[in-house]
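K.L.:
Please read through the structure below; I'll follow up with questions.
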There are 2 protein chains.
Amino acid sequence: MRSSAEDLTTRARIRDAAIGLFGRDGFSRATVRAVAALAGVSPGLVIHHFGSKEGLRAACDHHVLAQTATQGREKTDPGSTRQLIQDYLNHPDQYASEIAYIRQALSDESDAGDAFFDAVVRQTQDIINAGIAAGTIRRFDDVRSTAVVIASNSLSILMLGRHLSRTLGAATSEPHGIGPELLRQLTLPALEIYTHGFYTDSRFLDAARDALQHHTTNHGREHAP
Amino acid sequence: MRSSAEDLTTRARIRDAAIGLFGRDGFSRATVRAVAALAGVSPGLVIHHFGSKEGLRAACDHHVLAQTATQGREKTDPGSTRQLIQDYLNHPDQYASEIAYIRQALSDESDAGDAFFDAVVRQTQDIINAGIAAGTIRRFDDVRSTAVVIASNSLSILMLGRHLSRTLGAATSEPHGIGPELLRQLTLPALEIYTHGFYTDSRFLDAARDALQHHTTNHGREHAP
DNA sequence: ATCCGGATTGAACAGCTGTTTAGTGTTTGA
DNA sequence: TCAAACACTAAACAGCTGTTCAATCCGGAT
């Protein structure tokens, strides 16, 4: 749960307004004046509190990362991630601005984006290792690379959410963003691939293994669809 | 192959400079003056040829989409996509600016990005259908949603390429972007998942199917790792 | 040779940008 | 009670933005 009351410090109100606008428009498109207007203060006060626009960004980065650090709480406990997802699905609007902010951070060259991506990969790797130990996840030769692939796949929902909801979005309501309806529509296809695979046999995998094993200077290699 | 000669129209030179800068810095961060300087002309000439900065963007969108339309040439021929990938891997720099441009288009709200994503999904769906007919790809209940998932996974390499090369990037050279080395590192893990799956059994899939089948108002559902 | 239409430039424009500064209240601590 | 520290504003500043405009340059048709 989150504190949504309006009893925030002015500084916090400015920060939250900035998170919203940076997430929606991107850092450079969002102006100090727009942030100030949304927070109900003068542009000068924004600079007074954060030194510069870059300082404001640093404060937003720090706050969003701290807010998101919840996810790393109990690393491999499956119940905690389930709870997190449930919490998100029941109150999507609450997290919307943070999610948009992280998407921008992952797109731009941003230290916060780098830190977030690394955290997701690290957590994914822990989950995979725990799953291997528990026997629920297959053993992989290269756990790290596999974790990167899985994390990248998962984050693609965040990065391409706009297009996913555009092409899969139901005709009924739910006009914007990554909603429960969209996630419900993606769950089964993703889990089917993750359970039974995508190809019927290992001929593509074998061919790739073969080609990569004795790769001289020849680069060309089939990669996936 | 591409024509890399410098015998281009001034208009085309401006357009190519704009594609490079729009892809590197994004549409709003890239300035008309910077485009003009890179093309070796005055800012006024840019407007003279394209009417406005937005007109310049439209021209870039059109050109990049036309350039990329190559991929849709022969839809399901596996040899053609292999050739395309080989061509890319042998001359990565040639395509770098277009790839960066498309990434920006997919991130921003852009008609070109929408069109590109839809084209990729359509092509993926064709490939899946052909694969099912040929027996190389598993039959899926919902081919369209599966195609969206696969396309999204594939495009995540494009969207998150910076982070992928950052975390997986070899210590040796190859400092920037999505290079052959990175793709080689991702190929086997991705193909392993696509061949043998990620989970050892179908308990997650079964649980999700069960929960989605009689979903009353309860949303919470485990989604992936 | 001459005229013309397009390519091209340099300078200027209005508007927006982040930031500064001087000034006003308003709290707070001794 | 008084002064210092703080929160806050309005106005202005310099720099950058996209765009305009008059003035050139130049090749090709007449």
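How things are named: the first chain in the structure tokens is A, the next is B, and so on; residues count from 1 in each chain; ligands count from 1 in the order shown.
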Neighbouring residues of segment 2-8 of chain D were defined as those with any atom within 12 Å, considering only C-alpha atoms (C1' of nucleotides); residues of the same chain fewer than 5 positions away were excluded. Please report them as an mmCIF file with C-alpha atoms (C1' of nucleotides), in the first residue's frame.
P.N.:
```
data_model
loop_
_atom_site.group_PDB
_atom_site.id
_atom_site.type_symbol
_atom_site.label_atom_id
_atom_site.label_comp_id
_atom_site.auth_asym_id
_atom_site.auth_seq_id
_atom_site.Cartn_x
_atom_site.Cartn_y
_atom_site.Cartn_z
ATOM 1 C CA THR A 9 6.215 18.263 1.879
ATOM 2 C CA THR A 10 6.413 20.814 -0.894
ATOM 3 C CA ARG A 11 9.696 19.243 -1.868
ATOM 4 C CA GLY A 40 1.499 24.380 -7.727
ATOM 5 C CA VAL A 41 4.698 26.324 -7.107
ATOM 6 C CA SER A 42 6.948 28.732 -8.970
ATOM 7 C CA PRO A 43 9.751 27.559 -11.263
ATOM 8 C CA GLY A 44 12.301 29.208 -9.047
ATOM 9 C CA LEU A 45 11.299 27.087 -6.087
ATOM 10 C CA VAL A 46 12.047 23.922 -8.004
ATOM 11 C CA ILE A 47 15.614 25.087 -8.510
ATOM 12 C CA HIS A 48 15.767 26.303 -4.922
ATOM 13 C CA HIS A 49 14.982 22.825 -3.626
ATOM 14 C "C1'" DG C 23 12.609 40.800 -2.570
ATOM 15 C "C1'" DT C 24 8.710 39.165 0.529
ATOM 16 C "C1'" DG C 25 6.592 36.768 4.053
ATOM 17 C "C1'" DT C 26 6.978 33.096 7.741
ATOM 18 C "C1'" DT C 27 8.777 30.110 10.891
ATOM 19 C "C1'" DT C 28 12.075 29.267 14.700
ATOM 20 C "C1'" DG C 29 15.444 29.385 18.225
ATOM 21 C "C1'" DA C 30 17.880 32.026 21.868
#
```
K.L.:
Tell me as a ChimeraX atom specification which residues belonging to chain B come within 8 Å of chain D, counting only C-alpha atoms (C1' of nucleotides).
P.N.:
/B:31-32,47,52-53
K.L.:
Using only C-alpha atoms (C1' of nucleotides), find each residue of chain C with at least one atom at most 10 Å away from an atom of chain A; report its shortest atom-to-atom pair and that distance in Å (one decimal), sort the rows by chain and rising residue number, and return the result as a tab-separated table.
P.N.:
```
residue	atom	partner	partner_atom	distance
C:DC16	C1'	A:Thr31	CA	9.7
C:DT17	C1'	A:Thr31	CA	7.8
C:DG18	C1'	A:Lys53	CA	7.5
C:DT19	C1'	A:Ile47	CA	7.7
C:DT20	C1'	A:Gly44	CA	8.9
```
K.L.:
Considering only C-alpha atoms, state which residue in the set A:Tyr101, A:Ala207, A:Gly177, A:Ser145 is at the smallest distance from chain B.
P.N.:
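The answer is A:Ser145, which sits nearest to chain B.
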K.L.:
Would you kindly report the residues of chain B within 7 Å of chain A, using only C-alpha atoms, as a ChimeraX atom specification?
P.N.:
/B:82,85-86,89,114,124,136-138,145-146,149,152-153,156,163,180,186-187,189-202,205,219-225
K.L.:
At a cut-off of 6 Å, using only C-alpha atoms (C1' of nucleotides), what residues contact segment 35-39 of chain A? Leave out same-chain residues fewer than 4 positions from it and give the result as JSON, numbers by chain.
P.N.:
{"A": [13, 14, 17, 18, 43]}
K.L.:
To one decimal in Å, tell me the separation between atom CA of Arg122 of chain A and atom CA of Pro92 of chain A.
P.N.:
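Pair atom CA of Arg122 of chain A / atom CA of Pro92 of chain A returns 25.0 Å.
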K.L.:
Excluding same-chain residues fewer than 3 positions from His62 of chain B, what lies within 12 Å of it counting only C-alpha atoms (C1' of nucleotides), as a PyMOL selection string?
P.N.:
chain B and resi 15-16+19+55-59+65-69+98+101-102+105+110-113+115-116
K.L.:
Output N, CA and C atoms for every residue in that selection, as a short mmCIF file (atom, residue, chain, number, x, y, z; two decimals), in the first residue's frame.
P.N.:
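Ended up saving to selection_5.cif:
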```
data_model
loop_
_atom_site.label_atom_id
_atom_site.label_comp_id
_atom_site.auth_asym_id
_atom_site.auth_seq_id
_atom_site.Cartn_x
_atom_site.Cartn_y
_atom_site.Cartn_z
N ARG B 15 18.36 14.35 -44.99
CA ARG B 15 17.51 13.30 -44.42
C ARG B 15 18.35 12.26 -43.68
N ASP B 16 19.44 11.83 -44.30
CA ASP B 16 20.29 10.83 -43.64
C ASP B 16 20.91 11.38 -42.36
N ILE B 19 18.23 11.20 -39.80
CA ILE B 19 18.01 9.84 -39.32
C ILE B 19 19.06 9.48 -38.27
N GLY B 55 7.97 17.86 -40.72
CA GLY B 55 8.04 17.35 -42.07
C GLY B 55 9.30 16.52 -42.30
N LEU B 56 10.39 16.98 -41.71
CA LEU B 56 11.63 16.22 -41.79
C LEU B 56 11.46 14.85 -41.13
N ARG B 57 10.80 14.84 -39.99
CA ARG B 57 10.55 13.55 -39.33
C ARG B 57 9.72 12.64 -40.22
N ALA B 58 8.69 13.19 -40.84
CA ALA B 58 7.85 12.37 -41.71
C ALA B 58 8.67 11.76 -42.84
N ALA B 59 9.56 12.58 -43.41
CA ALA B 59 10.41 12.06 -44.49
C ALA B 59 11.31 10.94 -43.98
N LEU B 65 11.08 3.28 -43.08
CA LEU B 65 10.11 2.20 -43.28
C LEU B 65 10.29 1.57 -44.64
N ALA B 66 10.55 2.38 -45.66
CA ALA B 66 10.77 1.84 -47.00
C ALA B 66 12.01 0.96 -47.02
N GLN B 67 13.07 1.44 -46.36
CA GLN B 67 14.32 0.68 -46.27
C GLN B 67 14.10 -0.65 -45.56
N THR B 68 13.26 -0.62 -44.53
CA THR B 68 13.02 -1.81 -43.73
C THR B 68 12.05 -2.75 -44.40
N ALA B 69 11.32 -2.26 -45.37
CA ALA B 69 10.31 -3.10 -46.03
C ALA B 69 10.97 -4.29 -46.70
N GLU B 98 19.67 3.17 -38.86
CA GLU B 98 18.26 2.80 -39.03
C GLU B 98 17.74 2.08 -37.79
N TYR B 101 17.16 4.44 -35.09
CA TYR B 101 15.97 5.24 -35.41
C TYR B 101 14.69 4.48 -35.07
N ILE B 102 14.67 3.21 -35.43
CA ILE B 102 13.47 2.42 -35.15
C ILE B 102 13.27 2.26 -33.66
N ALA B 105 11.66 5.27 -32.53
CA ALA B 105 10.28 5.33 -33.01
C ALA B 105 9.38 4.44 -32.18
N SER B 110 4.89 7.29 -32.08
CA SER B 110 5.20 7.61 -33.46
C SER B 110 4.42 6.68 -34.38
N ASP B 111 3.86 7.24 -35.44
CA ASP B 111 3.15 6.42 -36.40
C ASP B 111 4.08 5.40 -37.03
N ALA B 112 5.33 5.82 -37.29
CA ALA B 112 6.28 4.90 -37.89
C ALA B 112 6.55 3.73 -36.96
N GLY B 113 6.67 4.01 -35.66
CA GLY B 113 6.89 2.93 -34.70
C GLY B 113 5.71 1.97 -34.68
N ALA B 115 3.62 1.37 -37.10
CA ALA B 115 3.61 0.60 -38.34
C ALA B 115 4.68 -0.50 -38.30
N PHE B 116 5.85 -0.15 -37.78
CA PHE B 116 6.93 -1.14 -37.74
C PHE B 116 6.55 -2.30 -36.82
#
```
